[in-house]
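Here is the file entry01.cif (mmCIF, C-alpha atoms).
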```cif
data_start
loop_
_atom_site.label_atom_id
_atom_site.label_comp_id
_atom_site.auth_asym_id
_atom_site.auth_seq_id
_atom_site.Cartn_x
_atom_site.Cartn_y
_atom_site.Cartn_z
CA MET A 777 -17.96 18.04 10.07
CA GLN A 778 -16.64 18.86 6.62
CA ALA A 779 -15.98 15.96 4.28
CA ILE A 780 -15.27 15.23 0.63
CA ALA A 781 -18.02 13.14 -0.94
CA ILE A 782 -18.49 11.35 -4.24
CA THR A 783 -21.54 13.26 -5.46
CA ALA A 784 -21.96 11.05 -8.57
CA TYR A 785 -19.81 8.46 -10.32
CA GLY A 786 -17.45 10.00 -12.83
CA ALA A 787 -14.50 12.32 -13.36
CA PRO A 788 -12.49 13.82 -10.47
CA GLN A 789 -14.79 16.85 -10.34
CA VAL A 790 -17.52 14.71 -8.72
CA LEU A 791 -15.49 14.97 -5.49
CA GLN A 792 -17.05 17.89 -3.62
CA PRO A 793 -16.87 19.34 -0.09
CA VAL A 794 -20.05 18.64 1.89
CA ALA A 795 -21.36 18.91 5.42
CA TYR A 796 -21.49 15.39 6.81
CA LYS A 797 -22.40 13.75 10.08
CA ARG A 798 -19.58 12.74 12.41
CA PRO A 799 -18.96 9.00 12.71
CA VAL A 800 -20.68 7.18 15.58
CA LEU A 801 -18.14 4.98 17.34
CA GLN A 802 -18.66 1.24 17.55
CA PRO A 803 -17.08 -0.98 20.24
CA GLY A 804 -13.31 -1.12 19.90
CA GLU A 805 -13.07 2.02 17.79
CA GLY A 806 -11.38 5.40 18.16
CA LEU A 807 -12.30 8.76 16.65
CA ILE A 808 -9.46 10.57 14.89
CA ARG A 809 -9.33 14.28 14.16
CA VAL A 810 -7.79 13.92 10.71
CA SER A 811 -4.72 15.96 9.78
CA ALA A 812 -3.92 14.17 6.53
CA ALA A 813 -5.07 11.30 4.33
CA GLY A 814 -3.45 9.32 1.56
CA VAL A 815 -4.81 9.04 -1.97
CA ASN A 816 -4.84 5.49 -3.32
CA ARG A 817 -5.95 3.72 -6.51
CA PRO A 818 -8.97 2.17 -4.77
CA ASP A 819 -10.23 5.72 -4.10
CA LEU A 820 -10.19 6.38 -7.84
CA LEU A 821 -11.98 3.11 -8.55
CA GLN A 822 -14.64 3.93 -5.96
CA ARG A 823 -15.12 7.36 -7.52
CA VAL A 824 -16.03 5.84 -10.89
CA GLY A 825 -18.28 3.17 -9.36
CA HIS A 826 -15.98 0.14 -9.64
CA TYR A 827 -15.07 -0.47 -5.98
CA ALA A 828 -17.98 -0.25 -3.56
CA PRO A 829 -17.25 0.01 0.18
CA PRO A 830 -17.84 -3.16 2.21
CA PRO A 831 -21.21 -3.39 4.00
CA GLY A 832 -21.29 -1.07 7.01
CA ALA A 833 -18.26 0.98 5.94
CA SER A 834 -18.37 4.73 5.34
CA VAL A 835 -19.30 5.66 1.78
CA LEU A 836 -16.76 8.49 1.89
CA PRO A 837 -13.47 7.69 0.12
CA GLY A 838 -10.18 7.43 1.98
CA LEU A 839 -8.44 4.31 3.31
CA GLU A 840 -5.64 5.79 5.43
CA VAL A 841 -5.33 8.79 7.73
CA ALA A 842 -3.26 10.25 10.52
CA GLY A 843 -4.21 12.65 13.25
CA GLU A 844 -5.14 12.96 16.93
CA LEU A 845 -7.38 10.60 18.86
CA VAL A 846 -10.25 12.56 20.42
CA GLU A 847 -12.55 9.75 21.62
CA GLY A 848 -12.23 6.02 22.00
CA ASP A 849 -13.21 2.74 23.58
CA TRP A 850 -9.94 2.76 25.55
CA GLN A 851 -10.70 -0.29 27.71
CA HIS A 852 -11.41 -2.58 24.76
CA ALA A 853 -9.13 -5.59 24.29
CA ASP A 854 -8.22 -4.38 20.79
CA ASN A 855 -6.44 -1.35 22.26
CA ARG A 856 -3.20 -3.30 22.51
CA TRP A 857 -0.97 -0.20 22.30
CA ARG A 858 -2.88 1.44 25.19
CA LEU A 859 -3.80 4.41 23.06
CA LYS A 860 -5.56 7.32 24.72
CA LYS A 861 -7.10 10.68 24.00
CA GLY A 862 -4.55 13.07 22.52
CA ASP A 863 -2.28 10.39 21.04
CA ARG A 864 -1.08 10.86 17.47
CA VAL A 865 -1.89 7.84 15.33
CA CYS A 866 -2.11 6.65 11.77
CA ALA A 867 -4.85 4.21 10.84
CA LEU A 868 -6.09 1.87 8.13
CA LEU A 869 -9.77 2.38 7.29
CA GLN A 870 -12.43 0.70 5.18
CA GLY A 871 -13.48 4.19 4.09
CA GLY A 872 -14.18 7.68 5.43
CA GLY A 873 -10.69 9.18 5.37
CA TYR A 874 -11.59 12.25 3.31
CA ALA A 875 -13.15 13.99 6.30
CA GLU A 876 -12.35 16.10 9.36
CA PHE A 877 -13.05 13.11 11.62
CA ALA A 878 -12.73 9.38 10.93
CA ALA A 879 -13.57 6.31 13.00
CA ALA A 880 -11.08 3.44 12.99
CA PRO A 881 -10.77 0.15 14.88
CA LEU A 882 -8.13 0.67 17.56
CA ALA A 883 -6.58 -2.59 16.37
CA GLN A 884 -5.84 -0.83 13.06
CA CYS A 885 -4.37 2.29 14.67
CA LEU A 886 -0.62 2.59 15.15
CA PRO A 887 1.33 5.35 16.91
CA VAL A 888 2.88 7.91 14.61
CA PRO A 889 6.53 6.77 14.31
CA ALA A 890 8.96 8.86 16.35
CA GLY A 891 10.39 11.62 14.18
CA TRP A 892 7.59 11.45 11.61
CA SER A 893 4.98 14.14 11.03
CA GLU A 894 1.29 13.27 10.86
CA LEU A 895 1.36 14.03 7.13
CA GLU A 896 4.19 11.54 6.64
CA ALA A 897 2.52 8.95 8.86
CA ALA A 898 -0.71 9.18 6.86
CA SER A 899 1.22 7.78 3.88
CA LEU A 900 1.93 4.51 5.70
CA PRO A 901 -1.14 2.37 6.50
CA GLU A 902 -2.63 1.37 3.14
CA THR A 903 0.75 0.79 1.53
CA TYR A 904 2.53 -1.00 4.37
CA PHE A 905 -0.41 -3.17 5.40
CA THR A 906 -0.71 -4.21 1.73
CA VAL A 907 3.00 -4.77 1.16
CA TRP A 908 3.54 -6.73 4.37
CA SER A 909 0.47 -8.91 3.86
CA ASN A 910 1.37 -9.82 0.30
CA LEU A 911 5.16 -9.99 0.34
CA PHE A 912 5.81 -11.52 3.73
CA ASP A 913 2.60 -13.32 4.70
CA ARG A 914 1.32 -14.59 1.33
CA ALA A 915 4.47 -14.72 -0.84
CA GLN A 916 6.73 -15.62 2.09
CA LEU A 917 9.67 -13.48 0.94
CA GLY A 918 12.53 -14.81 3.02
CA ALA A 919 15.53 -17.09 2.44
CA THR A 920 16.31 -19.68 -0.25
CA GLU A 921 17.02 -23.33 0.53
CA ARG A 922 20.70 -22.37 0.67
CA GLY A 923 19.97 -19.72 3.26
CA GLN A 924 20.45 -16.73 0.96
CA ASP A 925 18.08 -13.76 1.05
CA GLU A 926 15.56 -14.06 -1.76
CA THR A 927 15.23 -11.60 -4.62
CA LEU A 928 12.21 -9.40 -5.37
CA LEU A 929 10.88 -7.70 -8.50
CA VAL A 930 8.45 -4.82 -7.89
CA GLN A 931 6.28 -3.86 -10.84
CA GLY A 932 5.43 -0.15 -10.75
CA GLY A 933 8.28 0.71 -8.43
CA SER A 934 7.60 4.46 -8.36
CA SER A 935 4.02 4.09 -7.08
CA GLY A 936 3.11 4.45 -3.42
CA ILE A 937 3.04 0.67 -3.05
CA GLY A 938 6.23 0.37 -5.06
CA VAL A 939 8.36 2.76 -3.02
CA ALA A 940 7.19 1.05 0.18
CA ALA A 941 8.00 -2.43 -1.14
CA ILE A 942 11.44 -1.41 -2.42
CA GLN A 943 12.47 0.27 0.81
CA LEU A 944 11.11 -2.42 3.11
CA ALA A 945 12.60 -5.39 1.23
CA HIS A 946 15.93 -3.59 0.85
CA ALA A 947 16.02 -2.70 4.56
CA LEU A 948 15.43 -6.38 5.40
CA GLY A 949 18.40 -7.45 3.27
CA HIS A 950 16.86 -8.54 -0.04
CA ARG A 951 18.08 -7.78 -3.55
CA VAL A 952 15.34 -5.69 -5.14
CA PHE A 953 14.65 -4.94 -8.80
CA ALA A 954 11.86 -2.68 -10.03
CA THR A 955 10.12 -1.54 -13.18
CA ALA A 956 9.10 2.03 -13.94
CA GLY A 957 8.08 4.06 -16.99
CA SER A 958 10.72 6.78 -17.27
CA ALA A 959 14.39 7.45 -16.61
CA ALA A 960 13.49 9.77 -13.72
CA LYS A 961 11.25 7.15 -12.11
CA CYS A 962 13.93 4.47 -12.54
CA LEU A 963 16.48 6.73 -10.88
CA ALA A 964 14.08 7.32 -7.97
CA CYS A 965 13.62 3.55 -7.51
CA GLU A 966 17.37 3.02 -7.39
CA SER A 967 17.81 5.83 -4.88
CA LEU A 968 15.37 3.99 -2.58
CA GLY A 969 17.22 0.69 -2.67
CA ALA A 970 16.46 -1.02 -5.97
CA GLU A 971 19.66 -2.59 -7.28
CA ARG A 972 18.41 -2.09 -10.83
CA ALA A 973 15.36 -0.29 -12.15
CA ILE A 974 14.07 -1.42 -15.54
CA ASN A 975 12.33 1.00 -17.91
CA TYR A 976 9.44 -1.15 -19.09
CA LYS A 977 8.97 1.06 -22.16
CA THR A 978 12.43 0.31 -23.53
CA GLU A 979 13.60 -2.86 -21.75
CA ASP A 980 12.36 -6.42 -21.21
CA PHE A 981 12.16 -7.16 -17.47
CA VAL A 982 12.35 -10.90 -18.15
CA ALA A 983 15.70 -10.62 -19.92
CA VAL A 984 17.13 -8.04 -17.51
CA THR A 985 16.26 -9.97 -14.35
CA ALA A 986 17.58 -13.19 -15.88
CA ALA A 987 20.91 -11.48 -16.57
CA LEU A 988 21.04 -10.00 -13.07
CA THR A 989 20.44 -13.39 -11.44
CA ASP A 990 22.73 -15.49 -13.68
CA GLY A 991 19.69 -17.00 -15.38
CA ARG A 992 18.04 -18.13 -12.16
CA GLY A 993 15.17 -15.63 -12.14
CA VAL A 994 13.64 -13.78 -9.19
CA ASP A 995 12.03 -15.46 -6.19
CA VAL A 996 9.07 -13.13 -5.69
CA ILE A 997 7.24 -10.63 -7.90
CA LEU A 998 4.83 -8.01 -6.55
CA ASP A 999 2.49 -7.14 -9.40
CA MET A 1000 -0.24 -4.55 -9.80
CA VAL A 1001 -0.45 -4.78 -13.61
CA GLY A 1002 -1.87 -8.21 -14.43
CA GLY A 1003 -3.02 -8.76 -18.01
CA ASP A 1004 -0.31 -9.87 -20.42
CA TYR A 1005 2.36 -9.27 -17.75
CA ILE A 1006 1.39 -12.51 -16.01
CA ALA A 1007 2.76 -14.88 -18.68
CA ARG A 1008 6.01 -12.93 -18.80
CA GLU A 1009 6.26 -12.93 -15.00
CA LEU A 1010 6.02 -16.70 -14.92
CA LYS A 1011 9.08 -16.78 -17.19
CA ALA A 1012 10.90 -14.31 -14.92
CA LEU A 1013 10.35 -16.37 -11.77
CA ALA A 1014 12.94 -18.76 -10.37
CA GLN A 1015 12.15 -22.34 -9.38
CA ASP A 1016 9.61 -22.26 -6.52
CA GLY A 1017 8.95 -18.58 -7.28
CA ARG A 1018 5.85 -16.74 -6.10
CA LEU A 1019 3.81 -14.08 -7.85
CA ALA A 1020 1.70 -11.83 -5.59
CA LEU A 1021 -1.00 -9.95 -7.52
CA ILE A 1022 -2.60 -6.93 -5.85
CA ALA A 1023 -4.26 -5.16 -8.82
CA PHE A 1024 -4.79 -5.56 -12.55
CA LEU A 1025 -4.27 -2.14 -14.11
CA GLY A 1026 -3.26 -3.91 -17.34
CA GLY A 1027 -6.33 -6.13 -17.50
CA ALA A 1028 -8.15 -8.80 -15.50
CA LYS A 1029 -7.53 -11.70 -17.90
CA ALA A 1030 -4.33 -13.54 -18.81
CA ASN A 1031 -3.23 -16.54 -20.86
CA LEU A 1032 -1.06 -18.84 -18.75
CA ASN A 1033 1.29 -21.68 -19.57
CA LEU A 1034 0.26 -24.16 -16.91
CA ALA A 1035 3.21 -26.41 -17.73
CA GLU A 1036 5.54 -23.64 -16.61
CA ILE A 1037 3.72 -23.43 -13.27
CA LEU A 1038 4.04 -27.18 -12.77
CA THR A 1039 7.63 -27.66 -13.86
CA LYS A 1040 8.95 -24.63 -11.94
CA ARG A 1041 6.66 -25.25 -8.93
CA LEU A 1042 5.34 -21.70 -9.07
CA THR A 1043 2.71 -20.09 -6.86
CA LEU A 1044 0.35 -17.36 -8.07
CA THR A 1045 -1.56 -15.64 -5.29
CA GLY A 1046 -3.71 -12.54 -5.11
CA SER A 1047 -5.55 -10.57 -2.48
CA THR A 1048 -7.47 -7.45 -1.62
CA LEU A 1049 -7.33 -5.92 1.83
CA ARG A 1050 -10.31 -3.61 2.27
CA ALA A 1051 -12.97 -6.19 3.09
CA ARG A 1052 -10.81 -8.33 5.39
CA SER A 1053 -11.74 -8.56 9.06
CA THR A 1054 -10.41 -6.38 11.85
CA HIS A 1055 -8.87 -9.52 13.35
CA PHE A 1056 -6.89 -10.13 10.14
CA LYS A 1057 -5.72 -6.52 9.96
CA ALA A 1058 -4.79 -6.51 13.65
CA HIS A 1059 -2.40 -9.38 12.93
CA ILE A 1060 -0.70 -7.30 10.22
CA ALA A 1061 -0.60 -4.24 12.51
CA ALA A 1062 1.23 -6.24 15.16
CA GLN A 1063 3.85 -7.37 12.65
CA LEU A 1064 4.31 -3.83 11.37
CA LYS A 1065 4.76 -2.49 14.90
CA GLU A 1066 7.37 -5.14 15.68
CA ARG A 1067 9.27 -5.38 12.40
CA VAL A 1068 8.71 -2.17 10.43
CA TRP A 1069 8.19 0.66 12.93
CA PRO A 1070 11.78 0.34 14.25
CA LEU A 1071 13.05 0.74 10.66
CA LEU A 1072 10.92 3.86 10.20
CA GLU A 1073 12.12 5.39 13.45
CA ALA A 1074 15.76 4.55 12.66
CA GLY A 1075 15.53 6.35 9.33
CA LYS A 1076 16.14 3.19 7.30
CA ILE A 1077 12.83 3.80 5.52
CA ARG A 1078 11.82 7.33 4.62
CA PRO A 1079 8.57 8.89 3.48
CA VAL A 1080 8.30 9.51 -0.26
CA ILE A 1081 5.60 12.11 -0.84
CA ASP A 1082 5.11 13.44 -4.35
CA ARG A 1083 2.54 16.19 -3.76
CA VAL A 1084 0.27 17.45 -1.00
CA PHE A 1085 -3.13 18.90 -1.92
CA PRO A 1086 -5.60 20.66 0.39
CA MET A 1087 -8.38 18.25 1.30
CA THR A 1088 -10.86 20.50 -0.49
CA GLU A 1089 -8.86 19.96 -3.69
CA ALA A 1090 -9.22 16.19 -3.67
CA ALA A 1091 -10.42 16.35 -7.27
CA SER A 1092 -7.06 17.80 -8.32
CA ALA A 1093 -5.25 15.08 -6.38
CA HIS A 1094 -7.21 12.38 -8.22
CA ALA A 1095 -6.50 14.04 -11.56
CA TRP A 1096 -2.79 14.12 -10.73
CA MET A 1097 -2.79 10.41 -9.90
CA GLU A 1098 -4.58 9.63 -13.15
CA GLU A 1099 -1.86 11.46 -15.09
CA GLY A 1100 0.61 8.89 -13.74
CA ARG A 1101 3.61 11.19 -13.41
CA HIS A 1102 3.92 10.99 -9.63
CA ILE A 1103 6.70 9.27 -7.68
CA GLY A 1104 5.55 8.04 -4.29
CA LYS A 1105 2.45 9.10 -2.40
CA ILE A 1106 -0.12 11.77 -3.18
CA MET A 1107 -1.52 13.25 0.03
CA LEU A 1108 -4.44 15.37 1.21
CA ALA A 1109 -4.18 17.68 4.23
CA TRP A 1110 -6.56 19.89 6.16
#
```
Could you render the structure from this file as structure tokens?
Amino acid sequence: MQAIAITAYGAPQVLQPVAYKRPVLQPGEGLIRVSAAGVNRPDLLQRVGHYAPPPGASVLPGLEVAGELVEGDWQHADNRWRLKKGDRVCALLQGGGYAEFAAAPLAQCLPVPAGWSELEAASLPETYFTVWSNLFDRAQLGATERGQDETLLVQGGSSGIGVAAIQLAHALGHRVFATAGSAAKCLACESLGAERAINYKTEDFVAVTAALTDGRGVDVILDMVGGDYIARELKALAQDGRLALIAFLGGAKANLNLAEILTKRLTLTGSTLRARSTHFKAHIAAQLKERVWPLLEAGKIRPVIDRVFPMTEAASAHAWMEEGRHIGKIMLAW
């Protein structure tokens, strides 16, 4: 099969088309003829040598795909959706998505939502598995003690993760605020359901969210920045607030006021998804199928795709992501 490999660690140009062996299926897996794959920050980190695949995973980049199932261990207990040859699916991978064929645990495969194309469906797995796991499982975004829907601040609201988090939380009834780096990106966040988008280059998200919540602060923050944002986020959180950290684009170290954590009863949690077990990811897949797929099929959440590049131009897709001007997902298609 044809695949896109990291031929050396470095700039986007190290991504090159190569002839590569097809995956050999393991028990409980399916083989997908890939139509499209999403581009994600971990792909960029892997390309420069900062995010190695877990042991046993494909060394090819690519964490999410969609396409047609062509082989599979259909009788395995993990095939809970009774998938079969010819079904259109999207899947979360540990690696190997930049290829004509990809192997995925059937437990991590979900049917393409009704009304969605395979290209659109390929934008879902990495973002929605991440958002659900962190916002609803770890940070427990839900209702306050008074029974009111909690509020959410999404840092980097115009990213692939950001547009998913905004739409999902808004569709489930939460007030959502977001930060972004330009007027156009702020407008995009508001069009997706953010009550207020905050331009982090010209505004202070701590002051703005305090004003929007009558001084109470927000209940949950989804953060991919880290660094000096952390101390400010602790100030922006309400009593019993939770901060869910999923990346640290602004730096891996922070100075914290521990007294603020104690007196406001705050929770700071972080996670990565790639190395977690199939059993863990199957649990998330089941929640997505029950709670999120109906919203996708009803049109309450829509795909937000910035650009689509041919798979053989993966280097250009990575360069575009590094420029940081995109809104939503960057995709690769065969």
What does the PyMOL selection byres ((chain A and resi 885-893) around 9) select in this file, as number ranges by chain? A: 806, 842-843, 855, 857, 859, 863-868, 880-884, 894-898, 901, 1058, 1061, 1064-1065, 1069-1070, 1072-1075, 1079
Those same residues, written as a tab-separated table (two decimals), keeping the file's coordinate frame with C-alpha atoms?
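Output contents, as saved in part_17.tsv:
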```
chain	number	residue	atom	x	y	z
A	806	GLY	CA	-11.38	5.40	18.16
A	842	ALA	CA	-3.26	10.25	10.52
A	843	GLY	CA	-4.21	12.65	13.25
A	855	ASN	CA	-6.44	-1.35	22.26
A	857	TRP	CA	-0.97	-0.20	22.30
A	859	LEU	CA	-3.80	4.41	23.06
A	863	ASP	CA	-2.28	10.39	21.04
A	864	ARG	CA	-1.08	10.86	17.47
A	865	VAL	CA	-1.89	7.84	15.33
A	866	CYS	CA	-2.11	6.65	11.77
A	867	ALA	CA	-4.85	4.21	10.84
A	868	LEU	CA	-6.09	1.87	8.13
A	880	ALA	CA	-11.08	3.44	12.99
A	881	PRO	CA	-10.77	0.15	14.88
A	882	LEU	CA	-8.13	0.67	17.56
A	883	ALA	CA	-6.58	-2.59	16.37
A	884	GLN	CA	-5.84	-0.83	13.06
A	894	GLU	CA	1.29	13.27	10.86
A	895	LEU	CA	1.36	14.03	7.13
A	896	GLU	CA	4.19	11.54	6.64
A	897	ALA	CA	2.52	8.95	8.86
A	898	ALA	CA	-0.71	9.18	6.86
A	901	PRO	CA	-1.14	2.37	6.50
A	1058	ALA	CA	-4.79	-6.51	13.65
A	1061	ALA	CA	-0.60	-4.24	12.51
A	1064	LEU	CA	4.31	-3.83	11.37
A	1065	LYS	CA	4.76	-2.49	14.90
A	1069	TRP	CA	8.19	0.66	12.93
A	1070	PRO	CA	11.78	0.34	14.25
A	1072	LEU	CA	10.92	3.86	10.20
A	1073	GLU	CA	12.12	5.39	13.45
A	1074	ALA	CA	15.76	4.55	12.66
A	1075	GLY	CA	15.53	6.35	9.33
A	1079	PRO	CA	8.57	8.89	3.48
```
Do a neighbour search on Gly832 of chain A at 12 Å with all atoms listed in the file, toss out local chain neighbours closer than 6 positions, and write the hits as a list in words.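 Once the nearby chain positions are removed, what remains is Pro799, Val800, Gln802, Gln870, Gly871, Gly872 and Ala1051 of chain A.
Atom to atom, atom CA of Ser899 of chain A and atom CA of Val790 of chain A stand 23.6 Å apart.
Residues lying at most 9 Å from (-15.2, 0.2, 28.5) in file coordinates, with all atoms listed in the file considered, are Pro803, Gly804, Asp849, Trp850, Gln851 and His852 of chain A.
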Hits of the PyMOL selection byres ((chain A and resi 810) around 8) in this structure, as a ChimeraX atom specification: /A:808-809,811-813,841-844,873,875-878,1110
Shortest interatomic distance to Asp854 of chain A - which of A:Lys977, A:Arg914, A:Arg1078, A:Lys1057, counting only C-alpha atoms: A:Lys1057
Would you work out the distance separating atom CA of Pro818 of chain A from atom CA of Ala954 of chain A, expressed in Å to one decimal? 22.0 Å
Tell me which residues the PyMOL selection byres ((chain A and resi 1081-1093) around 9) grabs here, as number ranges by chain. A: 779-780, 787-793, 812-813, 815, 874-875, 895-896, 899, 936, 1079-1080, 1094-1098, 1102-1110
Interatomic distance, atom CA of Glu979 of chain A to atom CA of Ala1012 of chain A (Å, one decimal):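 Atom-to-atom, atom CA of Glu979 of chain A and atom CA of Ala1012 of chain A are spaced 13.6 Å apart.
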Which centre and which edge lengths, in Å to one decimal, describe the axis-aligned box that holds all listed atoms of segment 1097-1108 of chain A after 5 Å is added on each side, as lines of an AutoDock Vina configuration file?
```
center_x = 1.1
center_y = 11.7
center_z = -6.9
size_x = 21.3
size_y = 17.3
size_z = 26.3
```
Could you write segment 790-813 of chain A as a compact mmCIF listing (two decimals), in the coordinates of the input, with N, CA and C atoms rebuilt where they are missing?
```
# COMPACT_ATOMS: atom_id res chain seq x y z
N VAL A 790 -16.38 15.15 -9.53
CA VAL A 790 -17.52 14.71 -8.72
C VAL A 790 -17.17 14.71 -7.23
N LEU A 791 -15.89 14.83 -6.88
CA LEU A 791 -15.49 14.97 -5.49
C LEU A 791 -15.74 16.39 -5.03
N GLN A 792 -16.64 16.56 -4.06
CA GLN A 792 -17.05 17.89 -3.62
C GLN A 792 -17.10 17.98 -2.11
N PRO A 793 -16.71 19.13 -1.54
CA PRO A 793 -16.87 19.34 -0.09
C PRO A 793 -18.35 19.36 0.29
N VAL A 794 -18.67 18.69 1.40
CA VAL A 794 -20.05 18.64 1.89
C VAL A 794 -20.04 18.70 3.41
N ALA A 795 -21.16 19.08 3.98
CA ALA A 795 -21.36 18.91 5.42
C ALA A 795 -21.84 17.49 5.66
N TYR A 796 -21.23 16.82 6.63
CA TYR A 796 -21.49 15.39 6.81
C TYR A 796 -21.51 15.08 8.29
N LYS A 797 -22.30 14.10 8.66
CA LYS A 797 -22.40 13.75 10.08
C LYS A 797 -21.11 13.09 10.57
N ARG A 798 -20.75 13.39 11.82
CA ARG A 798 -19.58 12.74 12.41
C ARG A 798 -19.83 11.25 12.58
N PRO A 799 -18.78 10.43 12.50
CA PRO A 799 -18.96 9.00 12.71
C PRO A 799 -19.44 8.71 14.14
N VAL A 800 -20.27 7.68 14.28
CA VAL A 800 -20.68 7.18 15.58
C VAL A 800 -19.81 5.98 15.90
N LEU A 801 -19.10 6.04 17.02
CA LEU A 801 -18.14 4.98 17.34
C LEU A 801 -18.84 3.67 17.69
N GLN A 802 -18.24 2.59 17.20
CA GLN A 802 -18.66 1.24 17.55
C GLN A 802 -17.67 0.69 18.58
N PRO A 803 -18.02 -0.41 19.26
CA PRO A 803 -17.08 -0.98 20.24
C PRO A 803 -15.71 -1.26 19.62
N GLY A 804 -14.67 -0.88 20.36
CA GLY A 804 -13.31 -1.12 19.90
C GLY A 804 -12.77 -0.08 18.95
N GLU A 805 -13.51 1.01 18.74
CA GLU A 805 -13.07 2.02 17.79
C GLU A 805 -12.56 3.28 18.49
N GLY A 806 -11.81 4.08 17.73
CA GLY A 806 -11.38 5.40 18.16
C GLY A 806 -11.78 6.43 17.12
N LEU A 807 -11.96 7.66 17.56
CA LEU A 807 -12.30 8.76 16.65
C LEU A 807 -11.06 9.63 16.46
N ILE A 808 -10.67 9.83 15.23
CA ILE A 808 -9.46 10.57 14.89
C ILE A 808 -9.83 11.91 14.28
N ARG A 809 -9.25 12.98 14.83
CA ARG A 809 -9.33 14.28 14.16
C ARG A 809 -8.26 14.25 13.06
N VAL A 810 -8.68 14.21 11.82
CA VAL A 810 -7.79 13.92 10.71
C VAL A 810 -6.94 15.14 10.35
N SER A 811 -5.63 14.93 10.28
CA SER A 811 -4.72 15.96 9.78
C SER A 811 -4.42 15.75 8.30
N ALA A 812 -4.29 14.48 7.91
CA ALA A 812 -3.92 14.17 6.53
C ALA A 812 -4.45 12.80 6.16
N ALA A 813 -4.60 12.59 4.87
CA ALA A 813 -5.07 11.30 4.33
C ALA A 813 -4.31 11.01 3.05
```
